[in-house]
Number of protein chains: 2
Amino acid sequence: MTDGIVFERMALIGIGNLGSSIARAVRERGLVGTIAVADFSDRALARAAELGLGDSYDESPAEAVKDADLVVICTPIGTYGAIAEGIAPHLKPGAVLTDVGSVKQAVISAVQPHVPDGVHFIPGHPIAGTEKSGPDAGSGALFEGRFWILTPLEGTAPEPLARLETLWTRCGALVEELPAAYHDKVLAVTSHLPHLIAYTIVGTAFDLEEQEQRDVIRFSAGGFRDFTRIAGSNPIMWRDIFLNNREAVLEMLQRFSEDLSYLQRAIRWGEGDKLQELFTKTREIRRGVIEANQARPFPYGTSGNGNGK
Amino acid sequence: MTDGIVFERMALIGIGNLGSSIARAVRERGLVGTIAVADFSDRALARAAELGLGDSYDESPAEAVKDADLVVICTPIGTYGAIAEGIAPHLKPGAVLTDVGSVKQAVISAVQPHVPDGVHFIPGHPIAGTEKSGPDAGSGALFEGRFWILTPLEGTAPEPLARLETLWTRCGALVEELPAAYHDKVLAVTSHLPHLIAYTIVGTAFDLEEQEQRDVIRFSAGGFRDFTRIAGSNPIMWRDIFLNNREAVLEMLQRFSEDLSYLQRAIRWGEGDKLQELFTKTREIRRGVIEANQARPFPYGTSGNGNGK
């Protein structure tokens, strides 16, 4: 193998924000020999070609995965089952099949039944990304300093797993292995519920009178503006996430609603102590987050710089 | 009056984030002759002196306001009543009394009864600020490009009002007049409810098992990290805001809870269309926010640059 190359031939299925970031990341670092790009959208494919993100471009994932040593699925998770079924007969023995989906159990359920013997299916999820979409949105630096979770199934062969970890590590990521169910639970808290909340509050704000709506937009500094940023995320992707991490999301949502009612009651009855108690506790948590090095500006990680705001 | 000076003598009561920003903003632009600083905290007062934020420093607001042409109250709003009562006998006739509190009706109720005849009470609220606290946190650029709302009471004399508007305009702010009740309603949506939500979700996340807590912190990129930033805000300030804008906050909270239940139900029953419908609508709203020029990076406004993520 050429020095530096981790996988000779990579197939990227889906060339949006994450797919294009992976293409750039591996290319900039000389980690892959050739990249075959597949996407259902003509426009994304054409744009990817204009940007020179790959070496070949195909509407058909089945074509793109032929002879690929590594296949990365980067489409909305609702499409995974059909994609897996379509590419399965064309996967090379010994190929590694992975993904970047934000939920893992549902992905495993959709994909695993189609994986042929001899192909190494290793589900994955980079904790990175922006609210933007499309092949122009990506960056080769996206994964630097970010966690990349792998949720390998029992019995996964160690060598392909190590090779996949090497690839993402060389893209600057911090690779960690977690059980799939645990991943889904943690992500429900750190990502899925916050997004749902953001979507909801923006919607609530816009069920107001027209003049109020205009002023809500005009005076939306700070808190609300952050929520609108989150709520500008890809609708399809997020619909699929909520539908595919139902249990964990519903559990956290129920807890959240109970906690919110507690505060609503405290406000109604003027119980300032209860409010102050919570707000002081959460301030300590914020300090913990900054210390844990996750507070640097999003979306692009900065290599080596752990300080943040 | 010296060219450029808008108020000869200003008294700042409270020298935290906002108070210190005002001190810097007016000083850097030569808008005020002398600044008298008052604060209940010895430490803040000493630090303000070290930073040279004012020309005199006093624990007693009553001392600081003597001969002041403009008095700006920048303390937590729960203190306003006591402060107003204490300074009232010492205010110079013709002085302008204003504030920076995030709620207006409660501030008016607390302060107005103490305002002597001949003193011009003009409540105000700059839509600016960061989650940080204390005299080091402020910046003279904080108000650039930000809205500064004034909620003048009926019968306010036009010349002092115009002079106050001039002062904040020269600090770079966009001054607007609104009725106090309307201000409180809009701010409940754009700021108070989002903060309450953020506080709640961070609290919910931390009622988990210890290992989960650690992983929530470690994997808290994107959504959750934004919430922890908001939830790192000053606990006293926010306790007072919720206690003092009760009705508007409870109204919006009730609407929010109903909307959240709607989504919870859609998730439970796998109704993808409903989710996608909301998420697409909120994406349009995000675009509206960016266009309305409120999407530039917080906390410091940048003069003239309306683009931002």
# chains A, B, ... in the order shown; residues from 1 in each chain; ligands from 1

$ select_by_dssp --residues "range 81-276 of chain B" --states "alpha helix (DSSP H)" --output "PyMOL selection string"
chain B and resi 81-87+105-111+158-170+180-187+193-205+210-218+223-230+235-244+246-268+272-276

$ interface_residues --of "chain A" --to "chain B" --cutoff "6 Å" --atoms "only C-alpha atoms" --output "list in words"
Thr190, Ser191, Pro194, Thr204, Val216, Ile217, Ser220, Gly223, Phe224, Thr228, Ala231, Gly232, Pro235, Arg239, Leu243, Phe256, Gly270, Leu275, Gln276, Phe279, Thr280, Thr282, Arg283, Arg286 and Val289 of chain A

$ write_last_selection --atoms "N, CA, C and O atoms" --output "compact mmCIF listing (two decimals), in the first residue's frame"
# COMPACT_ATOMS: atom_id res chain seq x y z
N THR A 190 -27.91 15.15 24.15
CA THR A 190 -27.00 16.21 23.73
C THR A 190 -27.42 16.85 22.42
O THR A 190 -27.01 17.97 22.13
N SER A 191 -28.18 16.17 21.63
CA SER A 191 -28.46 16.68 20.30
C SER A 191 -29.94 16.62 19.90
O SER A 191 -30.50 17.62 19.46
N PRO A 194 -32.41 18.83 22.27
CA PRO A 194 -32.18 20.26 22.02
C PRO A 194 -32.69 20.71 20.67
O PRO A 194 -33.27 21.79 20.56
N THR A 204 -43.47 28.18 17.98
CA THR A 204 -44.35 28.86 18.93
C THR A 204 -44.28 30.37 18.75
O THR A 204 -45.30 31.07 18.76
N VAL A 216 -40.39 40.07 16.84
CA VAL A 216 -39.64 38.94 17.35
C VAL A 216 -38.39 38.73 16.49
O VAL A 216 -37.29 38.51 17.00
N ILE A 217 -38.53 38.85 15.20
CA ILE A 217 -37.36 38.73 14.33
C ILE A 217 -36.39 39.87 14.59
O ILE A 217 -35.19 39.68 14.74
N SER A 220 -34.50 39.69 17.94
CA SER A 220 -34.08 38.34 18.29
C SER A 220 -32.58 38.21 18.47
O SER A 220 -31.94 37.43 17.81
N GLY A 223 -30.65 34.62 22.98
CA GLY A 223 -31.34 33.34 23.11
C GLY A 223 -32.09 32.87 21.89
O GLY A 223 -31.82 31.79 21.36
N PHE A 224 -33.00 33.67 21.41
CA PHE A 224 -33.86 33.22 20.33
C PHE A 224 -33.10 33.00 19.04
O PHE A 224 -33.36 32.07 18.29
N THR A 228 -33.02 29.84 16.43
CA THR A 228 -33.38 29.84 15.00
C THR A 228 -32.26 29.22 14.18
O THR A 228 -32.51 28.60 13.15
N ALA A 231 -32.78 25.62 14.43
CA ALA A 231 -34.01 25.25 13.71
C ALA A 231 -33.89 25.47 12.21
O ALA A 231 -34.84 25.23 11.48
N GLY A 232 -32.75 25.93 11.74
CA GLY A 232 -32.53 26.03 10.30
C GLY A 232 -31.90 24.78 9.73
O GLY A 232 -31.55 24.73 8.56
N PRO A 235 -34.40 19.67 7.30
CA PRO A 235 -35.67 19.09 7.78
C PRO A 235 -35.77 17.57 7.60
O PRO A 235 -36.31 16.88 8.47
N ARG A 239 -36.17 14.97 10.63
CA ARG A 239 -37.37 14.14 10.68
C ARG A 239 -36.96 12.68 10.88
O ARG A 239 -37.49 11.98 11.75
N LEU A 243 -37.77 10.08 14.09
CA LEU A 243 -38.53 8.86 13.84
C LEU A 243 -37.70 7.62 14.18
O LEU A 243 -38.25 6.58 14.51
N PHE A 256 -37.97 16.12 30.43
CA PHE A 256 -37.86 17.57 30.20
C PHE A 256 -39.18 18.27 30.53
O PHE A 256 -39.20 19.30 31.19
N GLY A 270 -44.09 32.51 42.32
CA GLY A 270 -43.07 33.47 42.76
C GLY A 270 -41.98 32.87 43.62
O GLY A 270 -41.43 33.53 44.49
N LEU A 275 -35.86 28.90 41.48
CA LEU A 275 -35.28 29.33 40.20
C LEU A 275 -33.78 29.54 40.36
O LEU A 275 -32.98 29.03 39.57
N GLN A 276 -33.41 30.28 41.38
CA GLN A 276 -32.00 30.59 41.57
C GLN A 276 -31.18 29.33 41.78
O GLN A 276 -30.05 29.22 41.31
N PHE A 279 -30.60 27.75 38.39
CA PHE A 279 -29.74 28.55 37.52
C PHE A 279 -28.29 28.53 37.99
O PHE A 279 -27.36 28.60 37.19
N THR A 280 -28.09 28.43 39.29
CA THR A 280 -26.73 28.35 39.81
C THR A 280 -26.12 26.99 39.47
O THR A 280 -24.95 26.90 39.08
N THR A 282 -26.86 25.09 36.90
CA THR A 282 -26.55 24.99 35.48
C THR A 282 -25.32 25.82 35.10
O THR A 282 -24.63 25.50 34.14
N ARG A 283 -25.05 26.85 35.86
CA ARG A 283 -23.86 27.64 35.59
C ARG A 283 -22.61 26.79 35.86
O ARG A 283 -21.63 26.84 35.10
N ARG A 286 -22.07 24.53 32.94
CA ARG A 286 -21.45 25.23 31.83
C ARG A 286 -19.94 25.26 32.01
O ARG A 286 -19.19 25.02 31.06
N VAL A 289 -18.55 22.01 31.00
CA VAL A 289 -18.50 21.81 29.55
C VAL A 289 -17.30 22.51 28.94
O VAL A 289 -16.59 21.96 28.10

$ atom_distance --atom1 "CA of Ala11 in chain B" --atom2 "CA of Thr98 in chain B"
10.4 Å

$ closest_residue --among "B:Leu53, B:Ile87, B:Ala162, B:Ala173" --to "Ser20 in chain B" --atoms "only C-alpha atoms"
B:Leu53

$ atom_distance --atom1 "CA of Cys74 in chain A" --atom2 "CA of Ala23 in chain A"
11.1 Å

$ atom_distance --atom1 "CA of Lys104 in chain B" --atom2 "CA of Ser60 in chain B"
24.3 Å

$ residues_around --residues "Leu164 in chain B" --least-positions-apart "3" --cutoff "12 Å" --atoms "only C-alpha atoms" --output "PyMOL selection string"
chain B and resi 5-7+10+31-32+69-72+95-99+120-124+148-152+156-161+167-171+173+175-177
